[in-house]
Amino acid sequence: MPGHPFEEMGPPARRPASHVHRQLQRPLQRENPPTRVQKRPKETPYFAVFEPFEIIYCQSCKELVPTSSIAIGIHLQGPCYGMPPGPKLDKAALQARALLAAAEDDRNMIRRRGELYARAARADMILPEVAWLRPPASGYFCLLCGQPRRNRAVLREHMRRVHDGEKDMWGTTLVQTLRSAGVDFLTFRVRRVRGRGGG
Ligand SMILES: [Zn+2]
Ligand SMILES: [Zn+2]
């Protein structure tokens, strides 16, 4: 009978060199890029990631929260979850923060919104309508830079400030808006999804 269980372990098995290992992995599928937004592929019981914008939102109020364990912890203590300070809250906050482990902490939400708006302005950023947000509404977008807005007066102000008062270069579009801290934070273009309800 063997003595200590480690005695049964021989020398460590040789692993293939890293380049060989890489070749063994399945190739990336590039032929059919996903066209639909996946529904909450990453989540905790309290928060989830909205992939197109790489933001964390609360599963209760659906508002964007800053990518920061402190901000997430504050939200957990608020009306959505009413969690008292303590180890359970700390753990939940760290788990939610880890949903976007590779992202930097959000320290400046005005700058952060600028980055999100730049992403929302991209021509490929017309998302299938998002079921868990307020329904799509008619809005406007700038033909010169792609920025979407809910409100025509706000878009007019954008044209005035950014495009020298250009008047006619706008179009209409469906939009949805993510809120944060109780106010509209990020508006983006969407298209209707036919036959939704089947999943
Ligand atoms: Zn909430
Ligand atoms: Zn513009």
# chains A, B, ... in the order shown; residues from 1 in each chain; ligands from 1
call {"tool": "closest_atom_pairs", "arguments": {"of": "chain A", "to": "ligand 1", "cutoff": "9 Å", "atoms": "only C-alpha atoms and all ligand atoms", "output": "JSON lines"}}
result
{"residue": "A:Tyr46", "atom": "CA", "partner": "ligand 1", "partner_atom_place_in_ligand_line": "1 (Zn)", "distance": 8.2}
{"residue": "A:Phe47", "atom": "CA", "partner": "ligand 1", "partner_atom_place_in_ligand_line": "1 (Zn)", "distance": 8.4}
{"residue": "A:Tyr57", "atom": "CA", "partner": "ligand 1", "partner_atom_place_in_ligand_line": "1 (Zn)", "distance": 7.6}
{"residue": "A:Cys58", "atom": "CA", "partner": "ligand 1", "partner_atom_place_in_ligand_line": "1 (Zn)", "distance": 4.5}
{"residue": "A:Gln59", "atom": "CA", "partner": "ligand 1", "partner_atom_place_in_ligand_line": "1 (Zn)", "distance": 6.5}
{"residue": "A:Ser60", "atom": "CA", "partner": "ligand 1", "partner_atom_place_in_ligand_line": "1 (Zn)", "distance": 4.9}
{"residue": "A:Cys61", "atom": "CA", "partner": "ligand 1", "partner_atom_place_in_ligand_line": "1 (Zn)", "distance": 4.0}
{"residue": "A:Lys62", "atom": "CA", "partner": "ligand 1", "partner_atom_place_in_ligand_line": "1 (Zn)", "distance": 6.2}
{"residue": "A:Glu63", "atom": "CA", "partner": "ligand 1", "partner_atom_place_in_ligand_line": "1 (Zn)", "distance": 6.0}
{"residue": "A:Leu64", "atom": "CA", "partner": "ligand 1", "partner_atom_place_in_ligand_line": "1 (Zn)", "distance": 8.3}
{"residue": "A:Val65", "atom": "CA", "partner": "ligand 1", "partner_atom_place_in_ligand_line": "1 (Zn)", "distance": 8.2}
{"residue": "A:His75", "atom": "CA", "partner": "ligand 1", "partner_atom_place_in_ligand_line": "1 (Zn)", "distance": 6.4}
{"residue": "A:Leu76", "atom": "CA", "partner": "ligand 1", "partner_atom_place_in_ligand_line": "1 (Zn)", "distance": 7.5}
{"residue": "A:Gly78", "atom": "CA", "partner": "ligand 1", "partner_atom_place_in_ligand_line": "1 (Zn)", "distance": 7.5}
{"residue": "A:Pro79", "atom": "CA", "partner": "ligand 1", "partner_atom_place_in_ligand_line": "1 (Zn)", "distance": 7.2}
{"residue": "A:Cys80", "atom": "CA", "partner": "ligand 1", "partner_atom_place_in_ligand_line": "1 (Zn)", "distance": 4.6}
{"residue": "A:Tyr81", "atom": "CA", "partner": "ligand 1", "partner_atom_place_in_ligand_line": "1 (Zn)", "distance": 7.4}
{"residue": "A:Ala181", "atom": "CA", "partner": "ligand 1", "partner_atom_place_in_ligand_line": "1 (Zn)", "distance": 8.9}
call {"tool": "residues_around", "arguments": {"residues": "region 110-112 of chain A", "least_positions_apart": "4", "cutoff": "10 Å", "atoms": "only C-alpha atoms", "output": "list in words"}}
result
Pro66, Asp106, Leu116, Tyr117, Ala118 and Phe185 of chain A
call {"tool": "write_last_selection", "arguments": {"atoms": "N, CA and C atoms", "output": "compact mmCIF listing (two decimals), in the first residue's frame"}}
result
# COMPACT_ATOMS: atom_id res chain seq x y z
N PRO A 66 -21.62 53.04 -11.32
CA PRO A 66 -20.21 53.17 -11.66
C PRO A 66 -19.47 51.86 -11.43
N ASP A 106 -14.44 53.50 -12.34
CA ASP A 106 -15.01 54.77 -12.79
C ASP A 106 -14.80 55.81 -11.68
N LEU A 116 -18.92 56.77 -23.28
CA LEU A 116 -20.08 55.96 -23.67
C LEU A 116 -20.80 56.59 -24.85
N TYR A 117 -20.88 57.91 -24.86
CA TYR A 117 -21.53 58.59 -25.99
C TYR A 117 -20.74 58.37 -27.27
N ALA A 118 -19.42 58.37 -27.16
CA ALA A 118 -18.62 58.12 -28.36
C ALA A 118 -18.94 56.73 -28.91
N PHE A 185 -28.92 58.99 -18.48
CA PHE A 185 -27.46 59.04 -18.51
C PHE A 185 -26.90 58.77 -19.89
call {"tool": "closest_residue", "arguments": {"among": "A:Pro52, A:Pro45, A:Pro84, A:Gly171", "to": "Gly139 (chain A)", "atoms": "only C-alpha atoms"}}
result
A:Gly171
call {"tool": "residues_near_ligand", "arguments": {"ligand": "ligand 2", "cutoff": "12 Å", "atoms": "only C-alpha atoms and all ligand atoms", "output": "VMD selection string"}}
result
chain A and resid 117 to 118 120 to 122 140 to 149 154 to 171
call {"tool": "write_last_selection", "arguments": {"atoms": "C-alpha atoms", "output": "compact mmCIF listing (two decimals), in the first residue's frame"}}
result
# COMPACT_ATOMS: atom_id res chain seq x y z
CA TYR A 117 -21.53 58.59 -25.99
CA ALA A 118 -18.62 58.12 -28.36
CA ALA A 120 -23.20 55.15 -28.88
CA ALA A 121 -22.35 57.33 -31.90
CA ARG A 122 -20.73 54.50 -33.82
CA TYR A 140 -32.97 61.98 -33.17
CA PHE A 141 -29.42 61.50 -34.24
CA CYS A 142 -26.70 63.66 -35.75
CA LEU A 143 -25.85 62.73 -39.33
CA LEU A 144 -22.40 64.26 -38.95
CA CYS A 145 -21.13 62.34 -35.94
CA GLY A 146 -23.83 59.82 -35.11
CA GLN A 147 -24.70 61.08 -31.65
CA PRO A 148 -28.24 60.07 -30.65
CA ARG A 149 -30.51 62.13 -28.42
CA VAL A 154 -30.96 68.82 -27.10
CA LEU A 155 -29.79 67.62 -30.50
CA ARG A 156 -30.18 71.14 -31.86
CA GLU A 157 -27.96 72.36 -29.05
CA HIS A 158 -25.44 69.65 -30.00
CA MET A 159 -25.45 70.86 -33.64
CA ARG A 160 -24.95 74.39 -32.50
CA ARG A 161 -22.04 73.66 -30.20
CA VAL A 162 -20.24 70.89 -32.08
CA HIS A 163 -21.09 71.53 -35.73
CA ASP A 164 -21.13 75.29 -36.05
CA GLY A 165 -24.89 75.51 -35.91
CA GLU A 166 -25.46 73.17 -38.84
CA LYS A 167 -29.25 72.90 -39.04
CA ASP A 168 -30.33 70.13 -41.36
CA MET A 169 -27.95 67.28 -40.71
CA TRP A 170 -30.05 65.16 -38.43
CA GLY A 171 -32.30 62.14 -38.76
call {"tool": "closest_residue", "arguments": {"among": "A:Ala131, A:Asn151, A:Ile126, A:Leu186", "to": "Ile55 (chain A)", "atoms": "only C-alpha atoms"}}
result
A:Leu186
call {"tool": "closest_residue", "arguments": {"among": "A:Glu115, A:Glu129, A:Asp90, A:Glu54", "to": "Thr67 (chain A)", "atoms": "only C-alpha atoms"}}
result
A:Glu54
call {"tool": "select_by_dssp", "arguments": {"residues": "region 82-178 of chain A", "states": "alpha helix (DSSP H)", "output": "ChimeraX atom specification"}}
result
/A:87-97,109-120,152-162
call {"tool": "write_last_selection", "arguments": {"atoms": "N, CA and C atoms", "output": "JSON list (two decimals), in the first residue's frame"}}
result
[["chain", "number", "residue", "atom", "x", "y", "z"],
["A", 87, "PRO", "N", -19.95, 42.01, 6.06],
["A", 87, "PRO", "CA", -19.25, 41.12, 5.13],
["A", 87, "PRO", "C", -20.09, 40.71, 3.92],
["A", 88, "LYS", "N", -21.40, 40.54, 4.13],
["A", 88, "LYS", "CA", -22.24, 40.11, 3.02],
["A", 88, "LYS", "C", -22.27, 41.19, 1.94],
["A", 89, "LEU", "N", -22.40, 42.44, 2.39],
["A", 89, "LEU", "CA", -22.41, 43.56, 1.45],
["A", 89, "LEU", "C", -21.06, 43.66, 0.74],
["A", 90, "ASP", "N", -19.98, 43.57, 1.51],
["A", 90, "ASP", "CA", -18.65, 43.68, 0.90],
["A", 90, "ASP", "C", -18.45, 42.61, -0.17],
["A", 91, "LYS", "N", -18.89, 41.41, 0.16],
["A", 91, "LYS", "CA", -18.70, 40.31, -0.79],
["A", 91, "LYS", "C", -19.53, 40.55, -2.06],
["A", 92, "ALA", "N", -20.78, 40.98, -1.87],
["A", 92, "ALA", "CA", -21.64, 41.23, -3.03],
["A", 92, "ALA", "C", -21.07, 42.34, -3.91],
["A", 93, "ALA", "N", -20.51, 43.37, -3.26],
["A", 93, "ALA", "CA", -19.95, 44.49, -4.02],
["A", 93, "ALA", "C", -18.73, 44.03, -4.82],
["A", 94, "LEU", "N", -17.88, 43.24, -4.20],
["A", 94, "LEU", "CA", -16.68, 42.78, -4.89],
["A", 94, "LEU", "C", -17.04, 41.83, -6.03],
["A", 95, "GLN", "N", -18.05, 41.00, -5.79],
["A", 95, "GLN", "CA", -18.48, 40.09, -6.87],
["A", 95, "GLN", "C", -19.02, 40.87, -8.06],
["A", 96, "ALA", "N", -19.80, 41.90, -7.77],
["A", 96, "ALA", "CA", -20.36, 42.70, -8.87],
["A", 96, "ALA", "C", -19.24, 43.45, -9.59],
["A", 97, "ARG", "N", -18.32, 44.01, -8.84],
["A", 97, "ARG", "CA", -17.20, 44.73, -9.46],
["A", 97, "ARG", "C", -16.39, 43.80, -10.37],
["A", 109, "MET", "N", -17.59, 60.36, -13.71],
["A", 109, "MET", "CA", -18.72, 59.88, -14.52],
["A", 109, "MET", "C", -19.03, 60.81, -15.69],
["A", 110, "ILE", "N", -18.60, 62.04, -15.64],
["A", 110, "ILE", "CA", -18.81, 62.93, -16.79],
["A", 110, "ILE", "C", -17.91, 62.47, -17.94],
["A", 111, "ARG", "N", -16.64, 62.20, -17.60],
["A", 111, "ARG", "CA", -15.74, 61.68, -18.63],
["A", 111, "ARG", "C", -16.22, 60.32, -19.13],
["A", 112, "ARG", "N", -16.68, 59.52, -18.20],
["A", 112, "ARG", "CA", -17.17, 58.19, -18.55],
["A", 112, "ARG", "C", -18.34, 58.29, -19.52],
["A", 113, "ARG", "N", -19.23, 59.25, -19.26],
["A", 113, "ARG", "CA", -20.36, 59.40, -20.15],
["A", 113, "ARG", "C", -19.89, 59.83, -21.54],
["A", 114, "GLY", "N", -18.88, 60.67, -21.60],
["A", 114, "GLY", "CA", -18.33, 61.05, -22.89],
["A", 114, "GLY", "C", -17.85, 59.84, -23.67],
["A", 115, "GLU", "N", -17.19, 58.93, -22.98],
["A", 115, "GLU", "CA", -16.71, 57.71, -23.65],
["A", 115, "GLU", "C", -17.89, 56.85, -24.13],
["A", 116, "LEU", "N", -18.92, 56.77, -23.28],
["A", 116, "LEU", "CA", -20.08, 55.96, -23.67],
["A", 116, "LEU", "C", -20.80, 56.59, -24.85],
["A", 117, "TYR", "N", -20.88, 57.91, -24.86],
["A", 117, "TYR", "CA", -21.53, 58.59, -25.99],
["A", 117, "TYR", "C", -20.74, 58.37, -27.27],
["A", 118, "ALA", "N", -19.42, 58.37, -27.16],
["A", 118, "ALA", "CA", -18.62, 58.12, -28.36],
["A", 118, "ALA", "C", -18.94, 56.73, -28.91],
["A", 119, "ARG", "N", -19.14, 55.79, -27.99],
["A", 119, "ARG", "CA", -19.48, 54.44, -28.45],
["A", 119, "ARG", "C", -20.88, 54.42, -29.04],
["A", 120, "ALA", "N", -21.82, 55.12, -28.39],
["A", 120, "ALA", "CA", -23.20, 55.15, -28.88],
["A", 120, "ALA", "C", -23.29, 55.78, -30.26],
["A", 152, "ARG", "N", -35.26, 66.71, -29.39],
["A", 152, "ARG", "CA", -34.80, 67.46, -30.55],
["A", 152, "ARG", "C", -34.09, 68.75, -30.15],
["A", 153, "ALA", "N", -34.57, 69.38, -29.10],
["A", 153, "ALA", "CA", -33.91, 70.61, -28.66],
["A", 153, "ALA", "C", -32.48, 70.32, -28.19],
["A", 154, "VAL", "N", -32.30, 69.18, -27.56],
["A", 154, "VAL", "CA", -30.96, 68.82, -27.10],
["A", 154, "VAL", "C", -30.05, 68.52, -28.29],
["A", 155, "LEU", "N", -30.61, 67.88, -29.31],
["A", 155, "LEU", "CA", -29.79, 67.62, -30.50],
["A", 155, "LEU", "C", -29.46, 68.94, -31.21],
["A", 156, "ARG", "N", -30.44, 69.86, -31.23],
["A", 156, "ARG", "CA", -30.18, 71.14, -31.86],
["A", 156, "ARG", "C", -29.02, 71.86, -31.13],
["A", 157, "GLU", "N", -29.04, 71.75, -29.84],
["A", 157, "GLU", "CA", -27.96, 72.36, -29.05],
["A", 157, "GLU", "C", -26.61, 71.69, -29.38],
["A", 158, "HIS", "N", -26.65, 70.37, -29.58],
["A", 158, "HIS", "CA", -25.44, 69.65, -30.00],
["A", 158, "HIS", "C", -24.95, 70.19, -31.35],
["A", 159, "MET", "N", -25.85, 70.36, -32.32],
["A", 159, "MET", "CA", -25.45, 70.86, -33.64],
["A", 159, "MET", "C", -24.84, 72.25, -33.52],
["A", 160, "ARG", "N", -25.43, 73.02, -32.65],
["A", 160, "ARG", "CA", -24.95, 74.39, -32.50],
["A", 160, "ARG", "C", -23.53, 74.41, -31.92],
["A", 161, "ARG", "N", -23.33, 73.60, -30.89],
["A", 161, "ARG", "CA", -22.04, 73.66, -30.20],
["A", 161, "ARG", "C", -20.94, 72.93, -30.97],
["A", 162, "VAL", "N", -21.28, 71.76, -31.52],
["A", 162, "VAL", "CA", -20.24, 70.89, -32.08],
["A", 162, "VAL", "C", -20.07, 71.10, -33.58]]
